[in-house]
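As structure tokens, the structure follows; a few thoughts come after it.
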Amino acid sequence: MKKPSTPTNIIVTTAKGLREGSLQLPVGDGAIEAYFAAPDKTGRFPVLLVVQEVFGLHEHIRDVCRRFAHAGYLAIAPQLYQRQGDPSGYTDIPELVRDIVSKVPDEQVMADLDASLVWAGLHGGNLSQVAVTGFCWGGRLVWMYAAYQPMVKVAVAWYGRLTVGHGPLQVRNPVDVTATLHGPVLGLYGGQDASIPMADVQIMREALSKGNAHAKASRMHVYQDAGHAFYADYRPSYLKAAADDGWKRCLAWLSKHIIH
């Protein structure tokens with residue numbers, strides 16, 4: 001599986017009406033790159049952590065932050081691979097996973113997302129309204145962070161792995177944490193996803209049904225004709241109908257749960 005070199009469906013979201021830009025995010029061992037976008041007006045806004053897909057913090061993820069900012073959120077996406085390497089030069093996913101992704105421990109990700117919350121709270125974010133969303137590699141981390149951070153009110157996981165991780169450093173997975181979710185999670189998955197079989201989706205549904213109240217309130221939605229990364233408009237896997245519907249479901253889910 002290779003990263004496409006010639007995008008055909010790229011969506012470009014304007015920054016007009018937004019505060020946005022790159023920043024150096026203070027973390028426990030120094031600083032890492034991050035990107036944020038928020039409405040350019042007074043007030044405090046719900047905070048949305050955006051967890052990158054397998055290719056890291058690139059323009060698509062920045063654009064997704066701007067989309068959420070236009071919907072009224074302060075969205076922030078940290079570069080969660082920075083200590084392990086630069087994913088931007090990779091085109092082969094197995095190589096990228098071997099060299100960088102498999103070396104990123106969940107504990108590091110949790111700490112960096114916590115640091116993102118601190119930054120957001122100091123720059124116009126309302127920390128009583130915290131949500132998290134993520135795609136592909138980040139979709140798995142959405143489940144994990146929703147079970148880790150009590151401030152999370154709601155989450156949306158886009159085609160994240162459910163029963164396995166991306167290397168030996170990941171010893172627990174979403175299916176293992178349904179008893180400790182701090183907010184309901186909407187999972188958006190593709191019925192033709194070769195990397196996340198529908199058997200795993202069913203296993204997750206059963207685990208959610210036996211989990212805590214937030215797990216029982218969570219939902220798994222499957223787009224039967226979609227494969228992996230159906231929201232990634234710069235990749236051949238993009239499926240507009242599923243992407244558009246998933247976006248609407250995502251915003252509705254966040255809005256429904258963010259203030260409760």
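Ordered as shown in the structure tokens, chains take letters A, B, and onward, while each chain numbers its residues from 1 and ligands are numbered from 1 in the order shown.
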Would you kindly return, as a PDB file with C-alpha atoms, in the first residue's frame, each protein, DNA or RNA residue with an atom no farther than 6 Å from any atom of Val27 in chain A, considering only C-alpha atoms and excluding same-chain residues fewer than 3 positions away?
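Output file part-v2.pdb is given in full below:
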ATOM      1  CA  GLY A  30      10.895  19.976  25.323  1.00  0.00           C
ATOM      2  CA  ALA A  31       8.588  20.979  22.471  1.00  0.00           C
ATOM      3  CA  ALA A 115      -0.032  18.925  26.737  1.00  0.00           C
TER       4      ALA A 115
END
Exercise for the section: From a DSSP calculation on the backbone, collect every residue of range 65-189 of chain A in alpha helix (DSSP H) and output the set as a PyMOL selection string. Expected result: chain A and resi 65-70+93-99+106-122+137-148
Range 142-196 of chain A residues near range 117-124 of chain A within 12 Å, closest pair each, using only C-alpha atoms, as a tab-separated table:
residue	atom	partner	partner_atom	distance
A:Gln149	CA	A:Leu117	CA	10.3
A:Pro150	CA	A:Leu117	CA	12.0
A:Met151	CA	A:Leu117	CA	9.3
A:Val152	CA	A:Leu117	CA	10.2
Go ahead and dump the residues you just picked, N, CA and C atoms, as a PDB file, in the first residue's frame.
ATOM      1  N   GLN A 149      -8.233   9.896  29.650  1.00  0.00           N
ATOM      2  CA  GLN A 149      -8.342  11.289  30.104  1.00  0.00           C
ATOM      3  C   GLN A 149      -9.769  11.604  30.567  1.00  0.00           C
ATOM      4  N   PRO A 150      -9.978  11.843  31.860  1.00  0.00           N
ATOM      5  CA  PRO A 150     -11.326  12.110  32.374  1.00  0.00           C
ATOM      6  C   PRO A 150     -11.978  13.369  31.813  1.00  0.00           C
ATOM      7  N   MET A 151     -11.184  14.281  31.234  1.00  0.00           N
ATOM      8  CA  MET A 151     -11.761  15.515  30.695  1.00  0.00           C
ATOM      9  C   MET A 151     -12.482  15.296  29.370  1.00  0.00           C
ATOM     10  N   VAL A 152     -12.264  14.157  28.735  1.00  0.00           N
ATOM     11  CA  VAL A 152     -12.896  13.890  27.439  1.00  0.00           C
ATOM     12  C   VAL A 152     -14.390  13.651  27.625  1.00  0.00           C
TER      13      VAL A 152
END
Taking a cut-off of 12 Å and counting only C-alpha atoms, can you build a table that, for each residue of range 75-153 of chain A near range 225-245 of chain A, reports the nearest atom pair and how far apart they are in Å (one decimal), sorted by chain then residue number, as CSV?
residue,atom,partner,partner_atom,distance
A:Thr91,CA,A:Arg235,CA,11.8
A:Gly134,CA,A:Tyr231,CA,11.0
A:Phe135,CA,A:Ala229,CA,7.5
A:Cys136,CA,A:Ala229,CA,6.5
A:Trp137,CA,A:Ala229,CA,10.2
A:Gly138,CA,A:Ala229,CA,11.3
A:Gly139,CA,A:Ala229,CA,10.4
Dump C-alpha atoms for the selected residues as a PDB file, in the first residue's frame?
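File produced: result_37.pdb:
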ATOM      1  CA  THR A  91       5.478   6.492   0.529  1.00  0.00           C
ATOM      2  CA  GLY A 134      -8.635  10.909  14.875  1.00  0.00           C
ATOM      3  CA  PHE A 135      -8.093   8.991  11.679  1.00  0.00           C
ATOM      4  CA  CYS A 136      -6.442   5.683  10.765  1.00  0.00           C
ATOM      5  CA  TRP A 137      -3.508   5.327  13.253  1.00  0.00           C
ATOM      6  CA  GLY A 138      -5.131   8.159  15.183  1.00  0.00           C
ATOM      7  CA  GLY A 139      -8.508   6.420  15.205  1.00  0.00           C
TER       8      GLY A 139
END
Select from range 25-56 of chain A every residue with an atom at most 12 Å from any atom of range 100-106 of chain A, then for each give the shortest pair of atoms and their distance in Å to one decimal, using only C-alpha atoms, rows by chain and rising number, as a Markdown table.
| residue | atom | partner | partner_atom | distance |
| --- | --- | --- | --- | --- |
| A:Gln52 | CA | A:Val101 | CA | 11.6 |
| A:Glu53 | CA | A:Val101 | CA | 10.5 |
| A:Val54 | CA | A:Val101 | CA | 7.5 |
| A:Phe55 | CA | A:Val101 | CA | 9.2 |
| A:Gly56 | CA | A:Val101 | CA | 9.4 |
Keeping only N, CA and C atoms, write the selected residues as an mmCIF file, in the first residue's frame.
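Printed below is selection18.cif as written:
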data_model
loop_
_atom_site.group_PDB
_atom_site.id
_atom_site.type_symbol
_atom_site.label_atom_id
_atom_site.label_comp_id
_atom_site.auth_asym_id
_atom_site.auth_seq_id
_atom_site.Cartn_x
_atom_site.Cartn_y
_atom_site.Cartn_z
ATOM 1 N N GLN A 52 -3.558 12.641 14.325
ATOM 2 C CA GLN A 52 -3.115 12.423 12.940
ATOM 3 C C GLN A 52 -3.343 11.003 12.455
ATOM 4 N N GLU A 53 -3.381 10.851 11.139
ATOM 5 C CA GLU A 53 -3.383 9.520 10.548
ATOM 6 C C GLU A 53 -1.943 9.043 10.402
ATOM 7 N N VAL A 54 -1.750 7.923 9.746
ATOM 8 C CA VAL A 54 -0.446 7.266 9.740
ATOM 9 C C VAL A 54 0.659 8.137 9.149
ATOM 10 N N PHE A 55 0.328 9.073 8.256
ATOM 11 C CA PHE A 55 1.351 9.896 7.614
ATOM 12 C C PHE A 55 1.712 11.142 8.420
ATOM 13 N N GLY A 56 1.202 11.266 9.629
ATOM 14 C CA GLY A 56 1.636 12.351 10.495
ATOM 15 C C GLY A 56 0.836 13.627 10.335
#
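Considering only C-alpha atoms, the residue among A:Asp99, A:Ala131, A:Leu18, A:Ser116 positioned nearest to Leu251 in chain A is A:Ala131.
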Practice task
Name the residues of range 9-108 of chain A that come out as strand (DSSP E) in a backbone DSSP run; write them as JSON, numbers by chain.
Solution key: {"A": [18, 19, 20, 21, 22, 23, 24, 25, 26, 27, 30, 31, 32, 33, 34, 35, 36, 37, 38, 39, 45, 46, 47, 48, 49, 50, 51, 74, 75, 76, 77, 78]}
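Across A:Val64, A:Ala75, A:Val201, A:Met144, the tightest approach to Val109 in chain A is made by A:Met144 when counting only C-alpha atoms.
Taking CA of Pro174 in chain A and CA of Gly28 in chain A as the two end points, the separation is 25.5 Å.
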Practice task
Compile the contact shell of range 32-44 of chain A as an MDAnalysis selection string: residues with an atom at most 10 Å away, counting only C-alpha atoms, same-chain residues fewer than 6 positions apart removed.
Solution key: chainID A and resid 15:26 50 57:59 61:83 112 116 120:121 123:127 129
Would you put the residues from that selection into a file with N, CA and C atoms, as a short mmCIF file (atom, residue, chain, number, x, y, z; two decimals), in the first residue's frame?
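See part-v6.cif below for the written result:
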data_model
loop_
_atom_site.label_atom_id
_atom_site.label_comp_id
_atom_site.auth_asym_id
_atom_site.auth_seq_id
_atom_site.Cartn_x
_atom_site.Cartn_y
_atom_site.Cartn_z
N ALA A 15 -8.84 29.71 5.53
CA ALA A 15 -8.54 30.16 6.90
C ALA A 15 -9.23 31.49 7.21
N LYS A 16 -10.00 32.00 6.27
CA LYS A 16 -10.70 33.26 6.50
C LYS A 16 -11.67 33.09 7.67
N GLY A 17 -11.63 34.03 8.60
CA GLY A 17 -12.49 33.97 9.76
C GLY A 17 -11.94 33.13 10.89
N LEU A 18 -10.69 32.67 10.74
CA LEU A 18 -10.07 31.82 11.74
C LEU A 18 -8.78 32.42 12.28
N ARG A 19 -8.43 32.03 13.49
CA ARG A 19 -7.06 32.14 13.99
C ARG A 19 -6.44 30.77 13.75
N GLU A 20 -5.28 30.70 13.15
CA GLU A 20 -4.69 29.40 12.88
C GLU A 20 -3.19 29.53 12.66
N GLY A 21 -2.51 28.42 12.79
CA GLY A 21 -1.09 28.43 12.50
C GLY A 21 -0.35 27.32 13.21
N SER A 22 0.92 27.20 12.86
CA SER A 22 1.80 26.23 13.50
C SER A 22 2.34 26.80 14.80
N LEU A 23 2.74 25.91 15.70
CA LEU A 23 3.29 26.34 16.98
C LEU A 23 4.23 25.27 17.50
N GLN A 24 5.04 25.67 18.46
CA GLN A 24 5.88 24.73 19.20
C GLN A 24 5.16 24.44 20.51
N LEU A 25 4.68 23.22 20.64
CA LEU A 25 3.87 22.83 21.78
C LEU A 25 4.78 22.38 22.93
N PRO A 26 4.72 23.04 24.09
CA PRO A 26 5.54 22.59 25.22
C PRO A 26 5.08 21.21 25.70
N VAL A 50 -7.22 16.68 17.52
CA VAL A 50 -7.25 15.96 16.24
C VAL A 50 -6.00 15.10 16.17
N LEU A 57 1.40 14.71 10.86
CA LEU A 57 0.76 16.02 10.81
C LEU A 57 1.09 16.68 9.48
N HIS A 58 0.26 16.41 8.48
CA HIS A 58 0.48 16.99 7.15
C HIS A 58 -0.70 17.89 6.79
N GLU A 59 -0.74 18.34 5.55
CA GLU A 59 -1.71 19.38 5.18
C GLU A 59 -3.14 18.91 5.31
N ILE A 61 -4.43 16.95 7.60
CA ILE A 61 -4.83 17.08 9.01
C ILE A 61 -4.98 18.55 9.38
N ARG A 62 -4.11 19.41 8.87
CA ARG A 62 -4.28 20.84 9.11
C ARG A 62 -5.61 21.33 8.54
N ASP A 63 -5.94 20.85 7.36
CA ASP A 63 -7.20 21.26 6.75
C ASP A 63 -8.38 20.78 7.58
N VAL A 64 -8.29 19.56 8.11
CA VAL A 64 -9.35 19.04 8.97
C VAL A 64 -9.51 19.94 10.20
N CYS A 65 -8.41 20.41 10.77
CA CYS A 65 -8.50 21.35 11.90
C CYS A 65 -9.27 22.60 11.51
N ARG A 66 -9.01 23.12 10.32
CA ARG A 66 -9.74 24.32 9.86
C ARG A 66 -11.22 24.01 9.68
N ARG A 67 -11.55 22.83 9.20
CA ARG A 67 -12.97 22.46 9.05
C ARG A 67 -13.67 22.49 10.41
N PHE A 68 -13.02 21.93 11.42
CA PHE A 68 -13.62 21.94 12.75
C PHE A 68 -13.68 23.35 13.33
N ALA A 69 -12.69 24.16 13.04
CA ALA A 69 -12.71 25.54 13.54
C ALA A 69 -13.88 26.30 12.96
N HIS A 70 -14.18 26.08 11.70
CA HIS A 70 -15.35 26.74 11.09
C HIS A 70 -16.64 26.24 11.73
N ALA A 71 -16.59 25.05 12.34
CA ALA A 71 -17.77 24.53 13.04
C ALA A 71 -17.82 24.99 14.50
N GLY A 72 -16.87 25.83 14.91
CA GLY A 72 -16.92 26.42 16.23
C GLY A 72 -15.97 25.86 17.27
N TYR A 73 -15.04 25.01 16.86
CA TYR A 73 -14.11 24.38 17.80
C TYR A 73 -12.73 25.02 17.74
N LEU A 74 -12.02 24.95 18.86
CA LEU A 74 -10.58 25.16 18.85
C LEU A 74 -9.97 23.79 18.62
N ALA A 75 -9.45 23.57 17.43
CA ALA A 75 -8.90 22.27 17.06
C ALA A 75 -7.38 22.34 17.09
N ILE A 76 -6.76 21.35 17.70
CA ILE A 76 -5.30 21.31 17.77
C ILE A 76 -4.82 19.91 17.45
N ALA A 77 -3.77 19.83 16.60
CA ALA A 77 -3.21 18.55 16.18
C ALA A 77 -1.70 18.58 16.41
N PRO A 78 -1.18 17.81 17.35
CA PRO A 78 0.27 17.74 17.55
C PRO A 78 0.93 16.72 16.61
N GLN A 79 2.22 16.94 16.35
CA GLN A 79 3.00 15.98 15.55
C GLN A 79 3.49 14.88 16.49
N LEU A 80 2.76 13.78 16.54
CA LEU A 80 2.97 12.77 17.57
C LEU A 80 4.11 11.81 17.28
N TYR A 81 4.74 11.91 16.11
CA TYR A 81 5.89 11.07 15.79
C TYR A 81 7.22 11.80 15.95
N GLN A 82 7.20 13.04 16.36
CA GLN A 82 8.38 13.89 16.20
C GLN A 82 9.65 13.29 16.81
N ARG A 83 9.54 12.64 17.94
CA ARG A 83 10.74 12.07 18.58
C ARG A 83 11.27 10.87 17.82
N ASP A 112 1.40 13.80 25.21
CA ASP A 112 1.39 14.89 24.24
C ASP A 112 -0.02 15.45 24.04
N SER A 116 -1.46 19.18 24.79
CA SER A 116 -2.30 19.93 23.86
C SER A 116 -3.49 20.56 24.58
N ALA A 120 -4.37 24.48 24.82
CA ALA A 120 -5.69 24.95 24.38
C ALA A 120 -6.36 25.77 25.48
N GLY A 121 -6.24 25.32 26.72
CA GLY A 121 -6.86 26.05 27.82
C GLY A 121 -6.28 27.43 28.01
N HIS A 123 -5.23 29.28 25.50
CA HIS A 123 -5.37 30.03 24.24
C HIS A 123 -6.80 30.01 23.71
N GLY A 124 -7.77 30.11 24.61
CA GLY A 124 -9.15 30.28 24.18
C GLY A 124 -10.01 29.04 24.20
N GLY A 125 -9.46 27.93 24.70
CA GLY A 125 -10.24 26.70 24.75
C GLY A 125 -10.99 26.55 26.06
N ASN A 126 -12.17 25.98 25.98
CA ASN A 126 -12.99 25.71 27.16
C ASN A 126 -12.73 24.26 27.59
N LEU A 127 -12.00 24.09 28.68
CA LEU A 127 -11.61 22.75 29.10
C LEU A 127 -12.71 21.98 29.80
N GLN A 129 -15.30 21.47 27.97
CA GLN A 129 -15.88 20.92 26.74
C GLN A 129 -14.75 20.37 25.87
#
Exercise for the section: Skip Pro184 in chain A itself and residues of its chain fewer than 6 positions away, then list as a list in words all residues within 8 Å of it, counting only C-alpha atoms. Expected result: Lys153, Val154, Ala155, His214, Ala215, Lys216, Ala217, Ser218, Arg219 and His257 of chain A
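Taking CA of Thr178 in chain A as the reference point, CA of Ala147 in chain A is found at 7.4 Å.
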Handout entry: Atomic separation - CA of Gln84 in chain A relative to CA of Gln108 in chain A, Å
Key = 10.8 Å
